[in-house]
Amino acid sequence: MATIGFTLTFWAWDLIAPLGADYQDRLGLTAFQQSLLVAVPVIVGSLGRVPVGALTDRYGARRMFPLVAALTILPVLLLIPARDSYPALLGAGFLLGLGGTTFAIGVPLVNGWFPPDRRGAAIGVFGMGTGGVALSAYFTPRIAAHGANLPFLVVAAALACYAVLAALLITDPPGRTAPAAPLATRLAGAGRLRTTWELSALYAVGFGGVVAFGVYLPTYLKTWYELTPTDAGTRAAGFALVTVVFRPVGGWLSDRVHPARVTAWALGAVAVFAVVQAFDPPLAPLGTVCFLTMAAGLGAAGGSVFALVAQVTPQRQVGTVTGIVGAVGGLGGFVPPLVMGAVYSAKGSYAIGFMLLSDLALAGCVYAYGRMRTVGRPTEPADGPSVPGSAEGQHDRTARRVDPGGPAGGQPQRP
């Protein structure tokens with residue numbers, strides 16, 4: 001249920017991007033204006049993960065998932081009257097960012113239902129919900145061919161059905177306890193952890209790259225390789241599908257190899273093929289190989305980074321930490337479309353943008369391997385777990401080390 005909800009809200013979150021070329025032609029937008037239009041939902045959805053993650057820790061996914069799904073219907077429908085006005089589209093896109101916050105709801109829900117040695121694969125499967133971007137890239141322009149307003153009506157109806165099912169079927173993990181500390185205190189506690197920001201930086205490269213390609217790849221393919229909007233959307237859907245498939249692969253590998261090693265190899269592959277794409281190879285076959293390899297690397301990195309989150313974060317803080325890491329990751333997807341649009345407007349080439357991606361991926365590769373592979377699973381203190389041998393006991397052991405609101409009442413320690 002979490003994966004289905006994540007998929008549908010991600011489709012809603014990405015509704016504008018596949019139609020961006022149409023908006024550009026009808027409204028006479030510049031490359032930068034179009035980039036801003038597709039990027040606004042990304043930044044709002046990213047920043048919204050911080051409060052939504054904290055609220056999920058407090059109220060649980062059983063309440064938050066159907067609520068957010070239902071509220072997302074409103075901006076989806078607002079895109080219909082806003083389609084002929086650029087300011088109105090920006091306003092609707094701002095509200096549409098709500099659909100991008102469900103990541104911070106699903107991670108703590110899924111994390112709580114699985115023991116530590118299976119969380120990487122489980123969260124990787126949940127992360128396949130990013131396939132909503134692929135669904136949007138493939139189906140949105142095709143549905144729009146049968147009626148300009150039809151994609152928004154279809155997605156709104158799907159969200160309404162899901163909200164009802166989620167309210168009936170989603171159950172919070174057994175033994176879930178709501179934190180007593182205020183929201184600001186919990187956010188401050190998570191923000192004081194060094195690993196929160198280290199993981200945020202890595203996720204900004206991995207997931208940020210996925211989001212950036214998801215919202216800008218159709219425009220890039222249409223502009224540079226002169227593809228039709230439908231063909232560009234189909235190829236962008238293929239890119240997104242590869243990231244979806246490799247996300248659980250990254251999580252599964254992280255259950256067997258340290259997730260930092262998986263992250264390093266994945267980002268290293270992205271760095272190499274981003275350099276190749278910067279030289280503008282023909283789309284068939286070398287350009288296609290570059291894009292699909294980068295998709296695999298970015299997808300695997302997204303799964304491995306959150307496998308690491310699950311290792312070092314106590315259950316009652318997962319939503320808050322996930323919100324921060326997910327927000328920074330989403331912001332990593334906000335900047336590249338703006339940079340690509342600005343670079344193309346100024347230089348008439350996308351090469352600089354791909355070289356910047358290569359530099360960031362290489363930096364993430366080096367840092368993941370050099371620093372993050374020393375972060376292991378928490379060790380058991382002398383007093384032992386609260387529930388011997390249980391997943392909850394694992395959380396309690398971790399909480400004593402990193403939770404500022406833990407029973408010791410002292411200052412948080414770095415893991």
# chains A, B, ... in the order shown; residues from 1 in each chain; ligands from 1

$ closest_atom_pairs --of "stretch 143-207 of chain A" --to "stretch 213-232 of chain A" --cutoff "12 Å" --atoms "only C-alpha atoms" --output "JSON lines"
{"residue": "A:Ile143", "atom": "CA", "partner": "A:Thr230", "partner_atom": "CA", "distance": 10.8}
{"residue": "A:Ala144", "atom": "CA", "partner": "A:Thr230", "partner_atom": "CA", "distance": 10.6}
{"residue": "A:Ala145", "atom": "CA", "partner": "A:Thr230", "partner_atom": "CA", "distance": 9.7}
{"residue": "A:Val205", "atom": "CA", "partner": "A:Phe213", "partner_atom": "CA", "distance": 11.7}
{"residue": "A:Gly206", "atom": "CA", "partner": "A:Phe213", "partner_atom": "CA", "distance": 11.1}
{"residue": "A:Phe207", "atom": "CA", "partner": "A:Phe213", "partner_atom": "CA", "distance": 9.9}

$ residues_around --residues "stretch 253-267 of chain A" --least-positions-apart "6" --cutoff "8 Å" --atoms "only C-alpha atoms" --output "list of chain:residue names"
A:Asp117, A:Arg118, A:Arg119, A:Gly120, A:Ala121, A:Gly206, A:Ala296, A:Gly297, A:Leu298, A:Ala300, A:Ala301, A:Ser304, A:Val305, A:Ala307, A:Leu308, A:Ala361, A:Leu362, A:Gly364, A:Cys365, A:Val366, A:Tyr367, A:Ala368, A:Tyr369, A:Met372, A:Arg373, A:Gly376

$ write_last_selection --atoms "C-alpha atoms" --output "CSV table (one decimal), in the first residue's frame"
chain,number,residue,atom,x,y,z
A,117,ASP,CA,18.8,-7.2,8.1
A,118,ARG,CA,15.9,-6.9,5.6
A,119,ARG,CA,15.2,-3.1,5.7
A,120,GLY,CA,17.5,-2.4,2.8
A,121,ALA,CA,15.5,-4.5,0.4
A,206,GLY,CA,21.6,10.1,-6.1
A,296,ALA,CA,21.0,2.3,-12.9
A,297,GLY,CA,23.7,4.1,-10.8
A,298,LEU,CA,21.4,6.8,-9.5
A,300,ALA,CA,21.1,1.9,-6.9
A,301,ALA,CA,22.5,4.9,-4.9
A,304,SER,CA,21.8,2.1,-0.7
A,305,VAL,CA,21.7,5.5,1.0
A,307,ALA,CA,19.6,1.3,3.7
A,308,LEU,CA,22.2,3.3,5.6
A,361,ALA,CA,29.0,12.1,-8.5
A,362,LEU,CA,32.7,11.7,-8.2
A,364,GLY,CA,30.0,11.5,-3.6
A,365,CYS,CA,31.8,8.3,-4.6
A,366,VAL,CA,35.0,9.3,-2.9
A,367,TYR,CA,33.2,10.5,0.3
A,368,ALA,CA,31.0,7.4,0.5
A,369,TYR,CA,34.0,5.1,0.2
A,372,MET,CA,30.8,6.4,5.2
A,373,ARG,CA,32.0,2.8,5.0
A,376,GLY,CA,28.5,0.3,10.8

$ select_by_dssp --residues "stretch 203-395 of chain A" --states "alpha helix (DSSP H)" --output "ChimeraX atom specification"
/A:203-224,229-254,259-278,288-312,318-347,351-370,391-395

$ residues_around --residues "stretch 4-16 of chain A" --least-positions-apart "4" --cutoff "7 Å" --atoms "only C-alpha atoms" --output "list in words"
Gly20, Val38, Pro41, Ala69, Val76, Leu96, Gly97, Gly99, Gly100, Thr102, Phe103, Gly129, Thr130, Gly131, Gly132, Val133, Leu135, Ser136, Val155, Leu159 and Tyr162 of chain A

$ write_last_selection --atoms "all heavy atoms" --output "compact mmCIF listing (two decimals), in the first residue's frame"
# COMPACT_ATOMS: atom_id res chain seq x y z
N GLY A 20 5.62 20.01 -20.29
CA GLY A 20 6.38 21.26 -20.28
C GLY A 20 6.60 21.84 -21.66
O GLY A 20 6.52 23.05 -21.87
N VAL A 38 8.80 23.48 -14.15
CA VAL A 38 8.88 22.07 -13.78
C VAL A 38 9.63 21.86 -12.47
O VAL A 38 9.52 20.80 -11.84
CB VAL A 38 9.54 21.23 -14.90
CG1 VAL A 38 8.74 21.33 -16.18
CG2 VAL A 38 10.98 21.65 -15.14
N PRO A 41 7.38 22.41 -8.27
CA PRO A 41 6.85 21.32 -7.45
C PRO A 41 7.94 20.52 -6.74
O PRO A 41 7.72 20.00 -5.64
CB PRO A 41 6.10 20.44 -8.46
CG PRO A 41 5.81 21.33 -9.61
CD PRO A 41 6.96 22.28 -9.68
N ALA A 69 -2.69 12.07 0.38
CA ALA A 69 -3.20 11.66 -0.93
C ALA A 69 -4.46 12.44 -1.28
O ALA A 69 -4.64 12.89 -2.42
CB ALA A 69 -3.48 10.16 -0.94
N VAL A 76 -3.94 19.01 -8.29
CA VAL A 76 -4.06 18.30 -9.57
C VAL A 76 -5.20 18.89 -10.39
O VAL A 76 -5.07 19.17 -11.59
CB VAL A 76 -4.27 16.79 -9.34
CG1 VAL A 76 -4.66 16.10 -10.64
CG2 VAL A 76 -2.99 16.16 -8.80
N LEU A 96 1.19 21.62 -5.89
CA LEU A 96 1.39 20.24 -6.32
C LEU A 96 2.59 19.59 -5.62
O LEU A 96 2.69 18.36 -5.57
CB LEU A 96 1.60 20.21 -7.84
CG LEU A 96 1.46 18.88 -8.55
CD1 LEU A 96 0.04 18.34 -8.43
CD2 LEU A 96 1.84 19.03 -10.03
N GLY A 97 3.47 20.41 -5.07
CA GLY A 97 4.60 19.88 -4.33
C GLY A 97 4.20 18.98 -3.18
O GLY A 97 5.00 18.13 -2.74
N GLY A 99 2.40 16.45 -3.25
CA GLY A 99 2.50 15.05 -3.66
C GLY A 99 3.88 14.46 -3.48
O GLY A 99 4.02 13.24 -3.37
N GLY A 100 4.90 15.30 -3.44
CA GLY A 100 6.26 14.79 -3.29
C GLY A 100 6.68 14.53 -1.86
O GLY A 100 7.80 14.09 -1.61
N THR A 102 5.22 12.34 0.27
CA THR A 102 4.83 11.03 0.81
C THR A 102 6.01 10.10 1.04
O THR A 102 5.89 9.10 1.74
CB THR A 102 3.83 10.34 -0.13
OG1 THR A 102 4.38 10.30 -1.46
CG2 THR A 102 2.51 11.09 -0.16
N PHE A 103 7.17 10.43 0.45
CA PHE A 103 8.36 9.63 0.71
C PHE A 103 8.66 9.58 2.20
O PHE A 103 9.05 8.54 2.75
CB PHE A 103 9.54 10.22 -0.06
CG PHE A 103 10.80 9.42 0.07
CD1 PHE A 103 10.95 8.22 -0.60
CD2 PHE A 103 11.85 9.87 0.85
CE1 PHE A 103 12.11 7.47 -0.48
CE2 PHE A 103 13.01 9.14 0.98
CZ PHE A 103 13.14 7.94 0.30
N GLY A 129 8.39 3.24 -5.89
CA GLY A 129 7.31 4.20 -6.13
C GLY A 129 7.76 5.41 -6.93
O GLY A 129 6.93 6.13 -7.49
N THR A 130 9.08 5.65 -6.99
CA THR A 130 9.57 6.72 -7.86
C THR A 130 9.22 6.43 -9.32
O THR A 130 9.34 7.31 -10.16
CB THR A 130 11.09 6.89 -7.72
OG1 THR A 130 11.74 5.64 -7.99
CG2 THR A 130 11.46 7.35 -6.32
N GLY A 131 8.77 5.20 -9.59
CA GLY A 131 8.29 4.87 -10.93
C GLY A 131 7.08 5.69 -11.34
O GLY A 131 6.69 5.67 -12.51
N GLY A 132 6.49 6.41 -10.37
CA GLY A 132 5.43 7.33 -10.73
C GLY A 132 5.90 8.35 -11.75
O GLY A 132 5.11 8.82 -12.59
N VAL A 133 7.19 8.69 -11.70
CA VAL A 133 7.76 9.60 -12.69
C VAL A 133 7.73 8.95 -14.08
O VAL A 133 7.41 9.59 -15.08
CB VAL A 133 9.21 9.99 -12.31
CG1 VAL A 133 9.86 10.82 -13.40
CG2 VAL A 133 9.20 10.76 -10.99
N LEU A 135 5.65 6.56 -15.04
CA LEU A 135 4.26 6.50 -15.46
C LEU A 135 3.80 7.84 -16.01
O LEU A 135 3.10 7.91 -17.03
CB LEU A 135 3.37 6.09 -14.28
CG LEU A 135 3.53 4.68 -13.74
CD1 LEU A 135 2.62 4.47 -12.54
CD2 LEU A 135 3.21 3.65 -14.83
N SER A 136 4.21 8.90 -15.33
CA SER A 136 3.82 10.23 -15.78
C SER A 136 4.44 10.56 -17.15
O SER A 136 3.76 11.05 -18.05
CB SER A 136 4.24 11.28 -14.75
OG SER A 136 3.82 12.57 -15.16
N VAL A 155 -5.71 11.18 -12.81
CA VAL A 155 -4.85 11.13 -11.61
C VAL A 155 -5.66 11.50 -10.37
O VAL A 155 -5.50 10.89 -9.30
CB VAL A 155 -3.64 12.06 -11.78
CG1 VAL A 155 -2.85 12.16 -10.47
CG2 VAL A 155 -2.74 11.55 -12.89
N LEU A 159 -6.11 9.09 -7.09
CA LEU A 159 -5.77 9.52 -5.73
C LEU A 159 -6.95 9.40 -4.79
O LEU A 159 -6.78 9.01 -3.62
CB LEU A 159 -5.28 10.97 -5.77
CG LEU A 159 -3.90 11.22 -6.38
CD1 LEU A 159 -3.66 12.72 -6.54
CD2 LEU A 159 -2.80 10.60 -5.52
N TYR A 162 -7.31 5.76 -3.89
CA TYR A 162 -6.24 5.33 -2.99
C TYR A 162 -6.45 5.87 -1.58
O TYR A 162 -6.20 5.15 -0.60
CB TYR A 162 -4.87 5.79 -3.50
CG TYR A 162 -3.78 5.45 -2.52
CD1 TYR A 162 -3.31 4.15 -2.40
CD2 TYR A 162 -3.28 6.41 -1.64
CE1 TYR A 162 -2.36 3.82 -1.47
CE2 TYR A 162 -2.31 6.08 -0.71
CZ TYR A 162 -1.85 4.78 -0.62
OH TYR A 162 -0.92 4.44 0.32

$ residues_around --residues "A:Ala178" --least-positions-apart "3" --cutoff "7 Å" --atoms "only C-alpha atoms" --output "list in words"
Asp57, Arg58 and Tyr59 of chain A

$ closest_residue --among "A:Phe94, A:Tyr138, A:Phe65, A:Tyr203" --to "A:Gly326" --atoms "only C-alpha atoms"
A:Tyr203

$ atom_distance --atom1 "atom CA of A:Phe32" --atom2 "atom CA of A:Ala201"
25.5 Å

$ atom_distance --atom1 "atom CA of A:Arg62" --atom2 "atom CA of A:Phe139"
29.2 Å

$ decode --residues "stretch 249-297 of chain A" --atoms "N, CA and C atoms" --output "mmCIF file, in the first residue's frame"
data_model
loop_
_atom_site.group_PDB
_atom_site.id
_atom_site.type_symbol
_atom_site.label_atom_id
_atom_site.label_comp_id
_atom_site.auth_asym_id
_atom_site.auth_seq_id
_atom_site.Cartn_x
_atom_site.Cartn_y
_atom_site.Cartn_z
ATOM 1 N N VAL A 249 17.528 -3.107 -6.035
ATOM 2 C CA VAL A 249 18.803 -3.809 -6.208
ATOM 3 C C VAL A 249 19.857 -3.188 -5.291
ATOM 4 N N GLY A 250 19.898 -1.841 -5.247
ATOM 5 C CA GLY A 250 20.821 -1.177 -4.335
ATOM 6 C C GLY A 250 20.526 -1.500 -2.888
ATOM 7 N N GLY A 251 19.245 -1.555 -2.517
ATOM 8 C CA GLY A 251 18.889 -1.919 -1.154
ATOM 9 C C GLY A 251 19.239 -3.357 -0.832
ATOM 10 N N TRP A 252 18.986 -4.261 -1.773
ATOM 11 C CA TRP A 252 19.285 -5.684 -1.574
ATOM 12 C C TRP A 252 20.788 -5.906 -1.413
ATOM 13 N N LEU A 253 21.574 -5.255 -2.254
ATOM 14 C CA LEU A 253 23.028 -5.367 -2.119
ATOM 15 C C LEU A 253 23.507 -4.813 -0.786
ATOM 16 N N SER A 254 22.834 -3.769 -0.299
ATOM 17 C CA SER A 254 23.234 -3.137 0.962
ATOM 18 C C SER A 254 22.956 -4.015 2.164
ATOM 19 N N ASP A 255 22.054 -4.995 2.028
ATOM 20 C CA ASP A 255 21.840 -5.960 3.102
ATOM 21 C C ASP A 255 22.971 -6.979 3.160
ATOM 22 N N ARG A 256 23.799 -7.031 2.113
ATOM 23 C CA ARG A 256 24.869 -8.026 2.017
ATOM 24 C C ARG A 256 26.260 -7.413 2.001
ATOM 25 N N VAL A 257 26.369 -6.190 1.483
ATOM 26 C CA VAL A 257 27.633 -5.445 1.467
ATOM 27 C C VAL A 257 27.356 -4.116 2.151
ATOM 28 N N HIS A 258 28.357 -3.514 2.751
ATOM 29 C CA HIS A 258 28.109 -2.230 3.406
ATOM 30 C C HIS A 258 27.522 -1.253 2.402
ATOM 31 N N PRO A 259 26.407 -0.573 2.756
ATOM 32 C CA PRO A 259 25.754 0.312 1.796
ATOM 33 C C PRO A 259 26.649 1.432 1.273
ATOM 34 N N ALA A 260 27.663 1.844 2.024
ATOM 35 C CA ALA A 260 28.561 2.883 1.534
ATOM 36 C C ALA A 260 29.356 2.400 0.314
ATOM 37 N N ARG A 261 29.731 1.130 0.303
ATOM 38 C CA ARG A 261 30.448 0.578 -0.851
ATOM 39 C C ARG A 261 29.535 0.555 -2.083
ATOM 40 N N VAL A 262 28.285 0.144 -1.866
ATOM 41 C CA VAL A 262 27.328 0.135 -2.973
ATOM 42 C C VAL A 262 27.141 1.550 -3.523
ATOM 43 N N THR A 263 27.012 2.510 -2.621
ATOM 44 C CA THR A 263 26.845 3.908 -3.037
ATOM 45 C C THR A 263 28.047 4.397 -3.830
ATOM 46 N N ALA A 264 29.247 4.056 -3.375
ATOM 47 C CA ALA A 264 30.469 4.516 -4.050
ATOM 48 C C ALA A 264 30.550 3.977 -5.472
ATOM 49 N N TRP A 265 30.315 2.678 -5.651
ATOM 50 C CA TRP A 265 30.388 2.097 -6.989
ATOM 51 C C TRP A 265 29.302 2.672 -7.898
ATOM 52 N N ALA A 266 28.112 2.879 -7.355
ATOM 53 C CA ALA A 266 27.013 3.405 -8.168
ATOM 54 C C ALA A 266 27.306 4.827 -8.645
ATOM 55 N N LEU A 267 27.764 5.687 -7.726
ATOM 56 C CA LEU A 267 28.056 7.068 -8.111
ATOM 57 C C LEU A 267 29.290 7.154 -9.005
ATOM 58 N N GLY A 268 30.226 6.235 -8.832
ATOM 59 C CA GLY A 268 31.390 6.202 -9.714
ATOM 60 C C GLY A 268 30.981 5.944 -11.163
ATOM 61 N N ALA A 269 30.027 5.027 -11.361
ATOM 62 C CA ALA A 269 29.534 4.746 -12.716
ATOM 63 C C ALA A 269 28.841 5.974 -13.305
ATOM 64 N N VAL A 270 28.078 6.686 -12.473
ATOM 65 C CA VAL A 270 27.409 7.898 -12.939
ATOM 66 C C VAL A 270 28.429 8.935 -13.386
ATOM 67 N N ALA A 271 29.488 9.104 -12.607
ATOM 68 C CA ALA A 271 30.518 10.094 -12.940
ATOM 69 C C ALA A 271 31.151 9.809 -14.293
ATOM 70 N N VAL A 272 31.471 8.555 -14.563
ATOM 71 C CA VAL A 272 32.128 8.198 -15.824
ATOM 72 C C VAL A 272 31.222 8.476 -17.021
ATOM 73 N N PHE A 273 29.973 8.028 -16.947
ATOM 74 C CA PHE A 273 29.105 8.137 -18.117
ATOM 75 C C PHE A 273 28.537 9.542 -18.291
ATOM 76 N N ALA A 274 28.530 10.350 -17.233
ATOM 77 C CA ALA A 274 28.148 11.749 -17.393
ATOM 78 C C ALA A 274 29.196 12.485 -18.219
ATOM 79 N N VAL A 275 30.473 12.147 -18.030
ATOM 80 C CA VAL A 275 31.533 12.750 -18.840
ATOM 81 C C VAL A 275 31.357 12.373 -20.307
ATOM 82 N N VAL A 276 31.039 11.106 -20.561
ATOM 83 C CA VAL A 276 30.850 10.668 -21.950
ATOM 84 C C VAL A 276 29.691 11.429 -22.596
ATOM 85 N N GLN A 277 28.582 11.580 -21.853
ATOM 86 C CA GLN A 277 27.415 12.273 -22.412
ATOM 87 C C GLN A 277 27.698 13.757 -22.636
ATOM 88 N N ALA A 278 28.620 14.313 -21.886
ATOM 89 C CA ALA A 278 28.962 15.722 -22.063
ATOM 90 C C ALA A 278 29.533 16.009 -23.447
ATOM 91 N N PHE A 279 30.054 14.980 -24.111
ATOM 92 C CA PHE A 279 30.602 15.158 -25.458
ATOM 93 C C PHE A 279 29.549 14.949 -26.543
ATOM 94 N N ASP A 280 28.264 14.905 -26.138
ATOM 95 C CA ASP A 280 27.129 14.856 -27.074
ATOM 96 C C ASP A 280 27.234 13.707 -28.076
ATOM 97 N N PRO A 281 27.315 12.460 -27.595
ATOM 98 C CA PRO A 281 27.369 11.339 -28.547
ATOM 99 C C PRO A 281 26.018 11.152 -29.234
ATOM 100 N N PRO A 282 25.979 10.427 -30.353
ATOM 101 C CA PRO A 282 24.691 10.118 -30.983
ATOM 102 C C PRO A 282 23.783 9.378 -30.002
ATOM 103 N N LEU A 283 22.501 9.631 -30.113
ATOM 104 C CA LEU A 283 21.570 9.026 -29.158
ATOM 105 C C LEU A 283 21.543 7.514 -29.269
ATOM 106 N N ALA A 284 21.692 7.013 -30.495
ATOM 107 C CA ALA A 284 21.734 5.563 -30.705
ATOM 108 C C ALA A 284 23.096 5.182 -31.293
ATOM 109 N N PRO A 285 23.855 4.307 -30.598
ATOM 110 C CA PRO A 285 23.494 3.669 -29.335
ATOM 111 C C PRO A 285 24.147 4.302 -28.098
ATOM 112 N N LEU A 286 25.250 5.069 -28.298
ATOM 113 C CA LEU A 286 26.075 5.465 -27.152
ATOM 114 C C LEU A 286 25.326 6.357 -26.179
ATOM 115 N N GLY A 287 24.562 7.333 -26.670
ATOM 116 C CA GLY A 287 23.812 8.200 -25.766
ATOM 117 C C GLY A 287 22.823 7.427 -24.923
ATOM 118 N N THR A 288 22.162 6.459 -25.537
ATOM 119 C CA THR A 288 21.204 5.629 -24.799
ATOM 120 C C THR A 288 21.905 4.814 -23.718
ATOM 121 N N VAL A 289 23.082 4.258 -24.064
ATOM 122 C CA VAL A 289 23.856 3.499 -23.077
ATOM 123 C C VAL A 289 24.245 4.393 -21.903
ATOM 124 N N CYS A 290 24.669 5.610 -22.186
ATOM 125 C CA CYS A 290 25.058 6.548 -21.122
ATOM 126 C C CYS A 290 23.886 6.823 -20.185
ATOM 127 N N PHE A 291 22.738 7.136 -20.765
ATOM 128 C CA PHE A 291 21.584 7.480 -19.937
ATOM 129 C C PHE A 291 21.114 6.291 -19.105
ATOM 130 N N LEU A 292 21.077 5.112 -19.686
ATOM 131 C CA LEU A 292 20.585 3.944 -18.941
ATOM 132 C C LEU A 292 21.570 3.533 -17.849
ATOM 133 N N THR A 293 22.870 3.680 -18.109
ATOM 134 C CA THR A 293 23.858 3.363 -17.064
ATOM 135 C C THR A 293 23.771 4.369 -15.922
ATOM 136 N N MET A 294 23.629 5.649 -16.258
ATOM 137 C CA MET A 294 23.450 6.653 -15.208
ATOM 138 C C MET A 294 22.173 6.384 -14.416
ATOM 139 N N ALA A 295 21.117 5.962 -15.108
ATOM 140 C CA ALA A 295 19.864 5.643 -14.419
ATOM 141 C C ALA A 295 20.063 4.506 -13.424
ATOM 142 N N ALA A 296 20.784 3.469 -13.844
ATOM 143 C CA ALA A 296 21.048 2.335 -12.949
ATOM 144 C C ALA A 296 21.854 2.780 -11.728
ATOM 145 N N GLY A 297 22.884 3.597 -11.958
ATOM 146 C CA GLY A 297 23.713 4.052 -10.848
ATOM 147 C C GLY A 297 22.955 4.936 -9.877
#
